[in-house]
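Asker: I am sharing start38.csv, which consists of CSV, C-alpha atoms and all ligand atoms:
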chain,number,residue,atom,x,y,z
X,1,MET,CA,118.2,103.7,165.1
X,2,LYS,CA,119.9,100.4,164.4
X,3,SER,CA,123.4,99.9,165.6
X,4,LEU,CA,125.9,97.0,165.4
X,5,ALA,CA,125.4,96.5,169.1
X,6,GLU,CA,122.0,95.0,168.3
X,7,LEU,CA,123.6,92.1,166.7
X,8,LYS,CA,124.5,90.8,170.1
X,9,ALA,CA,120.8,90.5,170.9
X,10,ILE,CA,120.2,88.8,167.6
X,11,ARG,CA,123.0,86.5,168.3
X,12,GLU,CA,121.7,85.5,171.8
X,13,LYS,CA,118.3,84.9,170.4
X,14,ALA,CA,119.4,83.0,167.4
X,15,ARG,CA,122.0,80.9,169.0
X,16,ASP,CA,119.7,78.3,170.4
X,17,SER,CA,117.7,78.0,167.1
X,18,VAL,CA,120.7,77.9,164.8
X,19,VAL,CA,120.3,74.6,162.9
X,20,MET,CA,123.0,74.3,160.3
X,21,ARG,CA,121.2,74.1,157.0
X,22,LYS,CA,122.7,71.0,155.6
X,23,GLU,CA,122.6,70.3,151.9
X,24,ASN,CA,119.5,68.2,152.1
X,25,PRO,CA,118.2,66.5,148.9
X,26,ASN,CA,114.6,66.8,150.2
X,27,ASN,CA,114.8,70.6,150.4
X,28,ILE,CA,112.6,72.7,148.1
X,29,ARG,CA,114.5,75.2,146.0
X,30,VAL,CA,113.2,78.5,144.9
X,31,VAL,CA,115.4,80.2,142.3
X,32,VAL,CA,114.9,83.8,141.3
X,33,GLY,CA,116.5,85.2,138.1
X,34,MET,CA,118.7,88.1,139.0
X,35,ALA,CA,120.4,89.1,135.8
X,36,THR,CA,120.0,92.6,134.5
X,37,CYS,CA,116.7,91.7,132.7
X,38,GLY,CA,115.3,90.3,135.9
X,39,ILE,CA,116.4,93.2,138.2
X,40,ALA,CA,115.1,95.8,135.7
X,41,ALA,CA,111.7,94.0,135.6
X,42,GLY,CA,111.4,94.0,139.4
X,43,ALA,CA,113.1,90.8,140.7
X,44,ARG,CA,114.6,92.5,143.8
X,45,PRO,CA,111.3,92.9,145.6
X,46,VAL,CA,110.2,89.5,144.5
X,47,LEU,CA,113.3,87.9,145.9
X,48,GLN,CA,113.0,89.9,149.1
X,49,ALA,CA,109.4,88.8,149.5
X,50,PHE,CA,110.4,85.1,149.2
X,51,VAL,CA,113.2,85.5,151.7
X,52,GLU,CA,110.9,87.3,154.2
X,53,GLU,CA,107.8,85.0,153.7
X,54,VAL,CA,109.9,81.8,154.0
X,55,ALA,CA,111.5,83.2,157.2
X,56,ARG,CA,108.2,84.4,158.6
X,57,ARG,CA,106.7,81.0,158.3
X,58,GLY,CA,109.9,79.3,159.5
X,59,LEU,CA,110.1,77.0,156.5
X,60,ASP,CA,113.5,75.5,157.1
X,61,ASN,CA,113.1,73.0,154.2
X,62,VAL,CA,113.0,75.8,151.7
X,63,ILE,CA,116.2,77.3,150.1
X,64,VAL,CA,115.8,80.6,148.3
X,65,THR,CA,118.6,81.3,145.8
X,66,GLN,CA,119.4,83.5,142.9
X,67,THR,CA,120.6,82.8,139.4
X,68,GLY,CA,121.5,84.7,136.2
X,69,CYS,CA,119.5,85.0,133.1
X,70,ILE,CA,117.1,82.2,132.6
X,71,GLY,CA,116.7,83.1,128.9
X,72,LEU,CA,113.2,84.3,128.8
X,73,CYS,CA,113.8,88.0,129.4
X,74,ARG,CA,110.4,89.3,128.3
X,75,LEU,CA,108.7,87.1,131.0
X,76,GLU,CA,110.9,88.4,133.9
X,77,PRO,CA,110.8,88.4,136.9
X,78,ILE,CA,111.0,84.6,136.6
X,79,VAL,CA,111.0,82.2,139.6
X,80,GLU,CA,111.7,78.5,139.3
X,81,VAL,CA,110.5,76.1,142.0
X,82,TYR,CA,112.1,72.7,142.4
X,83,VAL,CA,110.2,70.3,144.6
X,84,PRO,CA,112.2,67.0,144.9
X,85,GLY,CA,110.6,64.3,142.8
X,86,GLN,CA,108.5,66.7,140.8
X,87,GLU,CA,108.8,68.6,137.6
X,88,LYS,CA,110.2,72.1,137.8
X,89,VAL,CA,107.5,74.8,137.9
X,90,THR,CA,108.3,78.2,136.3
X,91,TYR,CA,106.5,81.3,137.5
X,92,VAL,CA,106.7,84.3,135.2
X,93,LYS,CA,106.0,88.0,135.5
X,94,MET,CA,106.1,87.7,139.2
X,95,THR,CA,105.5,90.5,141.7
X,96,ALA,CA,106.0,90.8,145.4
X,97,GLU,CA,102.2,90.6,145.9
X,98,LYS,CA,102.0,87.2,144.2
X,99,VAL,CA,104.7,85.7,146.5
X,100,ALA,CA,102.5,84.9,149.5
X,101,LYS,CA,100.2,82.8,147.5
X,102,VAL,CA,103.1,80.8,145.9
X,103,VAL,CA,104.5,80.2,149.3
X,104,ALA,CA,101.2,79.2,150.9
X,105,ASN,CA,99.8,77.1,148.1
X,106,HIS,CA,102.9,75.6,146.5
X,107,LEU,CA,105.7,75.5,149.0
X,108,VAL,CA,103.5,74.7,152.0
X,109,ASN,CA,100.6,72.8,150.5
X,110,GLY,CA,102.1,71.4,147.4
X,111,VAL,CA,99.5,72.9,145.0
X,112,VAL,CA,101.0,74.7,142.0
X,113,VAL,CA,99.6,78.2,141.4
X,114,ASP,CA,98.6,77.6,137.8
X,115,GLU,CA,97.5,81.2,137.1
X,116,TYR,CA,101.1,82.5,137.7
X,117,ALA,CA,102.9,79.6,136.0
X,118,ILE,CA,104.3,79.8,132.5
X,119,GLY,CA,101.7,78.9,129.9
X,120,SER,CA,98.8,80.6,131.6
X,121,ALA,CA,100.4,83.8,133.0
X,122,GLN,CA,101.7,85.1,129.7
E,1,MET,CA,116.1,101.0,136.2
E,2,ASN,CA,114.6,103.6,138.4
E,3,GLU,CA,117.0,103.3,141.4
E,4,LEU,CA,120.8,103.6,141.6
E,5,SER,CA,120.7,100.7,144.2
E,6,LEU,CA,119.4,98.4,141.5
E,7,HIS,CA,122.3,99.2,139.3
E,8,MET,CA,124.6,98.5,142.2
E,9,LEU,CA,122.9,95.1,142.7
E,10,ASP,CA,123.3,94.4,139.0
E,11,VAL,CA,127.0,95.5,138.7
E,12,ALA,CA,127.8,93.5,141.9
E,13,GLN,CA,126.3,90.4,140.3
E,14,ASN,CA,129.1,90.6,137.7
E,15,SER,CA,131.6,90.5,140.5
E,16,LEU,CA,129.9,87.4,142.0
E,17,SER,CA,130.0,85.7,138.5
E,18,ALA,CA,133.7,86.7,138.3
E,19,GLY,CA,134.4,84.6,141.4
E,20,ALA,CA,135.4,87.5,143.7
E,21,ALA,CA,136.2,86.8,147.3
E,22,ASN,CA,136.1,90.5,148.2
E,23,VAL,CA,133.6,93.0,146.9
E,24,ARG,CA,133.6,96.7,147.9
E,25,LEU,CA,130.7,98.9,147.0
E,26,SER,CA,130.6,102.6,147.6
E,27,VAL,CA,128.3,105.6,147.0
E,28,CYS,CA,130.1,108.8,147.6
E,29,ASP,CA,128.7,112.3,147.0
E,30,ASP,CA,131.2,115.2,146.8
E,31,ALA,CA,130.8,118.9,147.5
E,32,GLN,CA,130.5,119.6,143.8
E,33,GLY,CA,127.3,117.6,143.5
E,34,ILE,CA,128.8,114.5,141.9
E,35,ARG,CA,127.7,111.1,143.1
E,36,ARG,CA,130.2,108.3,142.5
E,37,LEU,CA,129.0,104.7,142.5
E,38,SER,CA,131.7,102.1,142.5
E,39,VAL,CA,132.0,98.4,142.7
E,40,GLU,CA,135.5,96.9,143.1
E,41,ASP,CA,136.2,93.2,143.1
E,42,ASP,CA,139.1,90.7,143.1
E,43,GLY,CA,137.5,88.4,140.6
E,44,CYS,CA,138.8,87.0,137.4
E,45,GLY,CA,139.0,90.3,135.6
E,46,MET,CA,138.6,90.9,131.9
E,47,SER,CA,140.9,90.6,128.9
E,48,GLU,CA,141.8,93.8,127.2
E,49,GLU,CA,139.6,92.8,124.3
E,50,MET,CA,136.6,92.3,126.6
E,51,LEU,CA,137.3,95.5,128.4
E,52,ARG,CA,137.2,97.5,125.1
E,53,ARG,CA,133.9,95.9,124.1
E,54,VAL,CA,132.2,95.9,127.5
E,55,CYS,CA,130.3,99.1,127.1
E,56,SER,CA,128.5,98.0,123.9
E,57,PRO,CA,125.4,96.0,124.5
E,58,PHE,CA,126.8,93.1,122.6
E,59,ALA,CA,129.6,92.1,124.9
E,60,THR,CA,128.7,89.2,127.2
E,61,SER,CA,130.2,86.0,128.3
E,62,ARG,CA,126.8,84.6,129.2
E,63,THR,CA,125.3,81.8,127.1
E,64,THR,CA,121.6,82.3,127.5
E,65,ARG,CA,121.4,85.5,125.4
E,66,ARG,CA,123.9,87.1,123.2
E,67,VAL,CA,123.9,90.6,124.6
E,68,GLY,CA,125.1,91.9,128.0
E,69,LEU,CA,123.0,94.8,129.3
E,70,GLY,CA,124.2,95.7,132.8
E,71,ILE,CA,127.2,97.9,132.0
E,72,PRO,CA,125.7,99.6,129.0
E,73,LEU,CA,122.5,100.5,131.0
E,74,LEU,CA,124.5,102.0,133.8
E,75,LYS,CA,126.7,103.9,131.3
E,76,MET,CA,123.6,105.3,129.6
E,77,ALA,CA,122.0,106.3,132.9
E,78,ALA,CA,125.1,108.1,134.1
E,79,GLU,CA,125.6,109.9,130.8
E,80,LEU,CA,122.0,111.0,130.8
E,81,THR,CA,122.8,113.2,133.8
E,82,GLY,CA,126.0,114.6,132.3
E,83,GLY,CA,128.2,112.0,134.1
E,84,GLY,CA,130.0,109.0,132.8
E,85,LEU,CA,131.4,105.6,133.4
E,86,SER,CA,134.9,104.1,133.7
E,87,ILE,CA,136.1,100.6,134.1
E,88,GLU,CA,139.5,99.3,135.1
E,89,SER,CA,140.2,95.6,134.9
E,90,ARG,CA,143.1,93.2,134.9
E,91,GLN,CA,142.8,89.6,134.1
E,92,GLY,CA,143.5,87.5,137.1
E,93,GLN,CA,143.4,90.5,139.5
E,94,GLY,CA,140.0,92.1,139.5
E,95,THR,CA,137.7,94.8,138.2
E,96,SER,CA,136.6,98.2,139.3
E,97,VAL,CA,133.6,100.0,137.8
E,98,GLU,CA,132.9,103.6,138.6
E,99,ALA,CA,129.8,105.6,137.5
E,100,ARG,CA,129.5,109.3,138.0
E,101,PHE,CA,126.0,110.9,138.3
E,102,VAL,CA,125.3,114.6,138.4
E,103,LEU,CA,123.0,114.8,141.5
E,104,GLY,CA,121.1,118.0,140.6
E,105,HIS,CA,120.1,116.6,137.1
E,106,ILE,CA,116.4,115.8,136.6
E,107,ASP,CA,117.3,112.4,135.2
E,108,CYS,CA,119.4,111.3,138.2
E,109,PRO,CA,117.6,108.4,139.8
E,110,PRO,CA,117.2,108.2,143.6
E,111,LEU,CA,119.5,105.9,145.5
E,112,GLY,CA,116.6,103.8,146.6
E,113,ASP,CA,116.7,100.6,148.7
E,114,MET,CA,120.4,100.2,149.1
E,115,GLY,CA,119.7,98.2,152.3
E,116,GLY,CA,117.7,95.7,150.2
E,117,THR,CA,120.6,95.5,147.7
E,118,MET,CA,123.1,94.7,150.5
E,119,GLN,CA,120.7,92.3,152.2
E,120,LEU,CA,120.3,90.2,149.0
E,121,LEU,CA,123.9,90.2,148.0
E,122,ILE,CA,124.8,88.9,151.4
E,123,GLN,CA,121.9,86.4,151.3
E,124,GLN,CA,123.2,85.1,148.0
E,125,ARG,CA,126.8,84.8,149.0
E,126,PRO,CA,127.4,85.0,152.8
E,127,ASP,CA,130.9,83.6,152.1
E,128,ILE,CA,132.0,86.7,150.3
E,129,HIS,CA,133.5,89.6,152.2
E,130,PHE,CA,131.4,92.6,151.3
E,131,VAL,CA,132.0,96.2,152.3
E,132,TYR,CA,129.6,99.0,151.6
E,133,ARG,CA,130.8,102.5,152.2
E,134,ARG,CA,128.5,105.5,151.9
E,135,SER,CA,129.7,109.1,152.3
E,136,VAL,CA,128.5,112.7,151.8
E,137,PRO,CA,130.6,115.8,152.5
E,138,GLY,CA,131.0,115.8,156.3
E,139,GLY,CA,129.8,112.3,157.1
E,140,GLY,CA,129.4,108.7,156.2
E,141,PHE,CA,129.0,105.1,157.4
E,142,GLU,CA,130.2,101.6,156.5
E,143,LEU,CA,128.8,98.1,156.6
E,144,ASP,CA,131.5,95.4,156.6
E,145,THR,CA,130.5,91.8,156.7
E,146,ASP,CA,133.7,90.8,158.5
E,147,GLU,CA,132.7,93.1,161.3
E,148,LEU,CA,129.2,91.6,161.4
E,149,LYS,CA,130.7,88.1,161.6
E,150,THR,CA,132.8,89.1,164.6
E,151,GLN,CA,129.7,90.3,166.4
E,152,LEU,CA,127.6,87.3,165.4
E,153,GLU,CA,130.1,84.5,166.2
E,154,GLU,CA,128.5,81.2,165.2
E,155,VAL,CA,125.2,82.7,163.9
E,156,PRO,CA,125.4,82.8,160.1
E,157,LEU,CA,125.1,86.1,158.1
E,158,ASP,CA,122.2,84.6,156.2
E,159,HIS,CA,120.1,84.1,159.3
E,160,PRO,CA,116.7,85.7,158.6
E,161,ASP,CA,117.0,88.1,161.6
E,162,VAL,CA,120.5,89.2,160.5
E,163,LEU,CA,119.3,89.8,156.9
E,164,ALA,CA,116.5,91.9,158.2
E,165,PHE,CA,118.9,93.8,160.4
E,166,ILE,CA,121.2,94.5,157.4
E,167,ARG,CA,118.5,96.1,155.3
E,168,GLN,CA,117.2,98.2,158.2
E,169,PHE,CA,120.6,99.3,159.3
E,170,VAL,CA,121.7,100.5,155.9
E,171,ASN,CA,118.4,102.3,155.2
E,172,GLU,CA,118.3,104.0,158.6
E,173,GLN,CA,121.9,105.1,158.4
E,174,GLU,CA,121.1,106.5,155.0
E,175,LYS,CA,118.1,108.4,156.2
E,176,GLN,CA,120.0,109.9,159.1
E,177,LEU,CA,122.9,110.9,156.9
E,178,VAL,CA,120.7,112.7,154.5
E,179,GLU,CA,118.8,114.5,157.3
E,180,VAL,CA,121.9,115.6,159.2
E,181,HIS,CA,123.8,116.8,156.2
E,182,GLU,CA,121.1,118.5,154.2
J,201,LIG,N1,133.4,92.5,137.5
J,201,LIG,C1,133.6,91.8,136.4
J,201,LIG,N2,134.6,90.9,136.3
J,201,LIG,C2,134.8,90.2,135.2
J,201,LIG,N3,134.2,90.3,134.1
J,201,LIG,C3,133.2,91.2,134.0
J,201,LIG,C4,132.9,92.0,135.2
J,201,LIG,N4,131.9,92.9,134.8
J,201,LIG,C5,131.6,92.6,133.6
J,201,LIG,N5,132.3,91.6,133.1
J,201,LIG,C6,132.3,91.1,131.7
J,201,LIG,O1,131.6,91.9,130.9
J,201,LIG,C7,130.4,91.3,130.3
J,201,LIG,C8,129.3,92.3,130.2
J,201,LIG,O2,128.8,92.6,131.4
J,201,LIG,P1,127.3,93.2,131.5
J,201,LIG,O3,126.9,93.3,133.0
J,201,LIG,O4,127.1,94.4,130.7
J,201,LIG,O5,126.4,92.0,130.9
J,201,LIG,P2,126.2,90.5,131.4
J,201,LIG,O6,126.5,90.5,132.9
J,201,LIG,O7,126.9,89.6,130.5
J,201,LIG,O8,124.7,90.3,131.2
J,201,LIG,P3,123.5,91.1,132.1
J,201,LIG,O9,124.2,92.2,132.9
J,201,LIG,O10,122.7,91.7,131.0
J,201,LIG,O11,122.8,90.2,132.9
J,201,LIG,C9,130.2,90.1,131.2
J,201,LIG,O12,129.5,89.1,130.5
J,201,LIG,C10,131.6,89.7,131.7
J,201,LIG,O13,132.2,88.9,130.7
J,202,MG,MG,125.8,92.0,134.3
Could I get this file's structure written as structure tokens?
Answerer:
Amino acid sequence: MKSLAELKAIREKARDSVVMRKENPNNIRVVVGMATCGIAAGARPVLQAFVEEVARRGLDNVIVTQTGCIGLCRLEPIVEVYVPGQEKVTYVKMTAEKVAKVVANHLVNGVVVDEYAIGSAQ
Amino acid sequence: MNELSLHMLDVAQNSLSAGAANVRLSVCDDAQGIRRLSVEDDGCGMSEEMLRRVCSPFATSRTTRRVGLGIPLLKMAAELTGGGLSIESRQGQGTSVEARFVLGHIDCPPLGDMGGTMQLLIQQRPDIHFVYRRSVPGGGFELDTDELKTQLEEVPLDHPDVLAFIRQFVNEQEKQLVEVHE
């Protein structure tokens, strides 16, 4: 059973590794649409999977954020990936299962997962 | 939406858009079998005109599409169980949304991953003071981000280990609450 006392252990462990995440222009940004249309289509587990996978791999150059309605409700859950110096990539009809591949191929190795991207995944 | 915790996440998004500094969420079951979900914020509030229109799926201040869906969906879900929805709002002061669900009704969705909802709200806006209060007749628990901050000192709320803790904490407390009070 989790109790607040456990936070002390987390604090001790995290203290040494806490690097303040400065606003760095070289960071990759992953933006998940979390308006009603996104949430109803399953955006919560997608966002959760990104947060967990990015943490698991210790990718401290990746910022995972949320936004409102992207304006393509029928293609939700939608995820936009911004790599500095490159064009934005929009992934549509995302699922938690697809997240690991996007993280490994796109965020780590810089290769867009075309099959999930808008245009081919519809 | 097939989980009440998804509605909570969605309604709380409105509070974040409204510029709230404090957001209080609660899920309270009473002895009569009514479950009250509420989200209270100190954001910008709504005009009386907006407040009157907000339950129709055409009221929205968003610009990407012309209909707002969040509140009408919650209202529909609550009414489907024989419950209902009420909103109070004052411009410049804040808003409180309360939905009542009849627990025994076959159309009443389960609470679901409320830990995930809190985890992602805090991940999105670690600067906001969130309180989540859960109660059933005879018991309850609370998650208060100010309390977490005191424990964590310089470690931020959106540290991955802290976010994982938040989800597990809420879901374990929920499980225990249900087991003990059933
Ligand atoms: N807590 C709040 N504070 C201030 N205004 C609010 C609040 N909740 C709702 N509103 C107003 O009511 C409108 C309708 O809300 P609703 O959640 O139904 O739709 P939406 O947020 O506009 O879009 P969607 O929920 O479909 O993503 C909002 O656009 C906003 O103007
Ligand atoms: Mg909304």
Asker: Mind dumping a table of every chain E residue within 6 Å of chain X, with the nearest atom pair and its distance in Å to one decimal, using all atoms listed in the file, sorted by chain and rising number, as CSV?
Answerer:
residue,atom,partner,partner_atom,distance
E:Met1,CA,X:Ala40,CA,5.3
E:Asp10,CA,X:Thr36,CA,5.9
E:Thr64,CA,X:Gly71,CA,5.2
E:Gly70,CA,X:Thr36,CA,5.5
E:Leu152,CA,X:Arg11,CA,5.5
E:Pro160,CA,X:Ala55,CA,5.9
E:Phe169,CA,X:Lys2,CA,5.3
Asker: As a quick test: using all atoms listed in the file, which residues lie no more than 12 Å away from ligand MG 202 (chain J)? Give them as a ChimeraX atom specification.
Answerer: /X:34-40,67-69 /E:6-18,54-55,57-62,65,67-74,97
Asker: Please determine, counting all atoms listed in the file, which residue among E:Glu49, E:Asp107, E:Glu153, E:Asp113 has the shortest atom-to-atom distance to Glu79 in chain E.
Answerer: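 Smallest separation from Glu79 in chain E among the options: E:Asp107.
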Asker: What is the distance between CA of Gly140 in chain E and atom O3 of ligand LIG 201 (chain J), in Å to one decimal?
Answerer: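 Calculated distance between CA of Gly140 in chain E and atom O3 of ligand LIG 201 (chain J) is 28.0 Å.
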Asker: Got a sec to check which residues sit within 10 Å of (122.0, 118.8, 139.3), counting all atoms listed in the file, and write them as a ChimeraX atom specification?
Answerer: /E:32-34,81-82,101-108
Asker: Quick one: residues within 12 Å of His181 in chain E, all atoms listed in the file, excluding same-chain residues fewer than 2 positions away - as a list of chain:residue names?
Answerer: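 Near His181 in chain E, the qualifying residues are E:Asp29, E:Ala31, E:Ser135, E:Val136, E:Pro137, E:Gly138, E:Gly139, E:Gly140, E:Glu174, E:Lys175, E:Gln176, E:Leu177, E:Val178, E:Glu179.
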Asker: Of the residues E:Val180, E:Cys44, E:Val162, E:Val155, which is the one nearest to ligand LIG 201 (chain J), using all atoms listed in the file?
Answerer: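 Looking only at the distances to ligand LIG 201 (chain J), the closest residue turns out to be E:Cys44.
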Asker: What is the atom O10 of ligand LIG 201 (chain J)-CA of Gly84 in chain E distance in Å, reported with one decimal?
Answerer: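 The value is 18.9 Å.
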Asker: Please export range 17-27 of chain E as a PDB file, in the first residue's frame, restricted to all heavy atoms.
Answerer:
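Generated output (selection-v2.pdb):
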ATOM      1  N   SER E  17      -8.075  25.613 -18.714  1.00  0.00           N
ATOM      2  CA  SER E  17      -8.230  26.646 -19.763  1.00  0.00           C
ATOM      3  C   SER E  17      -8.699  27.961 -19.172  1.00  0.00           C
ATOM      4  O   SER E  17      -8.432  29.027 -19.723  1.00  0.00           O
ATOM      5  CB  SER E  17      -9.241  26.206 -20.818  1.00  0.00           C
ATOM      6  OG  SER E  17      -8.945  24.921 -21.283  1.00  0.00           O
ATOM      7  N   ALA E  18      -9.443  27.872 -18.053  1.00  0.00           N
ATOM      8  CA  ALA E  18      -9.986  29.085 -17.437  1.00  0.00           C
ATOM      9  C   ALA E  18      -8.949  29.802 -16.573  1.00  0.00           C
ATOM     10  O   ALA E  18      -9.264  30.790 -15.916  1.00  0.00           O
ATOM     11  CB  ALA E  18     -11.214  28.735 -16.601  1.00  0.00           C
ATOM     12  N   GLY E  19      -7.718  29.296 -16.560  1.00  0.00           N
ATOM     13  CA  GLY E  19      -6.644  29.975 -15.832  1.00  0.00           C
ATOM     14  C   GLY E  19      -6.698  29.801 -14.331  1.00  0.00           C
ATOM     15  O   GLY E  19      -6.222  30.658 -13.588  1.00  0.00           O
ATOM     16  N   ALA E  20      -7.258  28.691 -13.854  1.00  0.00           N
ATOM     17  CA  ALA E  20      -7.380  28.470 -12.413  1.00  0.00           C
ATOM     18  C   ALA E  20      -6.016  28.259 -11.764  1.00  0.00           C
ATOM     19  O   ALA E  20      -5.094  27.722 -12.378  1.00  0.00           O
ATOM     20  CB  ALA E  20      -8.265  27.259 -12.153  1.00  0.00           C
ATOM     21  N   ALA E  21      -5.888  28.690 -10.509  1.00  0.00           N
ATOM     22  CA  ALA E  21      -4.694  28.417  -9.720  1.00  0.00           C
ATOM     23  C   ALA E  21      -4.961  27.279  -8.744  1.00  0.00           C
ATOM     24  O   ALA E  21      -4.057  26.580  -8.309  1.00  0.00           O
ATOM     25  CB  ALA E  21      -4.264  29.655  -8.953  1.00  0.00           C
ATOM     26  N   ASN E  22      -6.237  27.088  -8.412  1.00  0.00           N
ATOM     27  CA  ASN E  22      -6.649  26.023  -7.492  1.00  0.00           C
ATOM     28  C   ASN E  22      -7.777  25.231  -8.127  1.00  0.00           C
ATOM     29  O   ASN E  22      -8.776  25.817  -8.555  1.00  0.00           O
ATOM     30  CB  ASN E  22      -7.160  26.616  -6.183  1.00  0.00           C
ATOM     31  CG  ASN E  22      -6.065  27.339  -5.418  1.00  0.00           C
ATOM     32  OD1 ASN E  22      -5.265  26.723  -4.724  1.00  0.00           O
ATOM     33  ND2 ASN E  22      -5.997  28.645  -5.581  1.00  0.00           N
ATOM     34  N   VAL E  23      -7.611  23.922  -8.172  1.00  0.00           N
ATOM     35  CA  VAL E  23      -8.662  23.071  -8.720  1.00  0.00           C
ATOM     36  C   VAL E  23      -8.922  21.947  -7.738  1.00  0.00           C
ATOM     37  O   VAL E  23      -8.008  21.235  -7.319  1.00  0.00           O
ATOM     38  CB  VAL E  23      -8.261  22.478 -10.096  1.00  0.00           C
ATOM     39  CG1 VAL E  23      -9.379  21.614 -10.649  1.00  0.00           C
ATOM     40  CG2 VAL E  23      -7.905  23.588 -11.083  1.00  0.00           C
ATOM     41  N   ARG E  24     -10.181  21.818  -7.336  1.00  0.00           N
ATOM     42  CA  ARG E  24     -10.561  20.824  -6.335  1.00  0.00           C
ATOM     43  C   ARG E  24     -11.505  19.836  -6.978  1.00  0.00           C
ATOM     44  O   ARG E  24     -12.574  20.214  -7.477  1.00  0.00           O
ATOM     45  CB  ARG E  24     -11.233  21.582  -5.189  1.00  0.00           C
ATOM     46  CG  ARG E  24     -11.739  20.754  -4.060  1.00  0.00           C
ATOM     47  CD  ARG E  24     -12.281  21.674  -2.967  1.00  0.00           C
ATOM     48  NE  ARG E  24     -11.216  22.163  -2.102  1.00  0.00           N
ATOM     49  CZ  ARG E  24     -10.736  21.453  -1.069  1.00  0.00           C
ATOM     50  NH1 ARG E  24     -11.235  20.275  -0.769  1.00  0.00           N
ATOM     51  NH2 ARG E  24      -9.769  21.940  -0.332  1.00  0.00           N
ATOM     52  N   LEU E  25     -11.107  18.572  -7.013  1.00  0.00           N
ATOM     53  CA  LEU E  25     -11.953  17.535  -7.610  1.00  0.00           C
ATOM     54  C   LEU E  25     -12.465  16.651  -6.495  1.00  0.00           C
ATOM     55  O   LEU E  25     -11.741  16.377  -5.529  1.00  0.00           O
ATOM     56  CB  LEU E  25     -11.157  16.667  -8.591  1.00  0.00           C
ATOM     57  CG  LEU E  25     -10.506  17.372  -9.789  1.00  0.00           C
ATOM     58  CD1 LEU E  25      -9.078  17.764  -9.459  1.00  0.00           C
ATOM     59  CD2 LEU E  25     -10.510  16.451 -11.000  1.00  0.00           C
ATOM     60  N   SER E  26     -13.703  16.193  -6.604  1.00  0.00           N
ATOM     61  CA  SER E  26     -14.129  15.220  -5.612  1.00  0.00           C
ATOM     62  C   SER E  26     -15.128  14.227  -6.166  1.00  0.00           C
ATOM     63  O   SER E  26     -15.859  14.512  -7.113  1.00  0.00           O
ATOM     64  CB  SER E  26     -14.676  15.924  -4.367  1.00  0.00           C
ATOM     65  OG  SER E  26     -15.891  16.536  -4.662  1.00  0.00           O
ATOM     66  N   VAL E  27     -15.078  13.050  -5.583  1.00  0.00           N
ATOM     67  CA  VAL E  27     -16.021  11.977  -5.901  1.00  0.00           C
ATOM     68  C   VAL E  27     -16.549  11.473  -4.572  1.00  0.00           C
ATOM     69  O   VAL E  27     -15.807  10.872  -3.792  1.00  0.00           O
ATOM     70  CB  VAL E  27     -15.337  10.827  -6.666  1.00  0.00           C
ATOM     71  CG1 VAL E  27     -16.316   9.684  -6.903  1.00  0.00           C
ATOM     72  CG2 VAL E  27     -14.763  11.328  -7.992  1.00  0.00           C
TER      73      VAL E  27
END
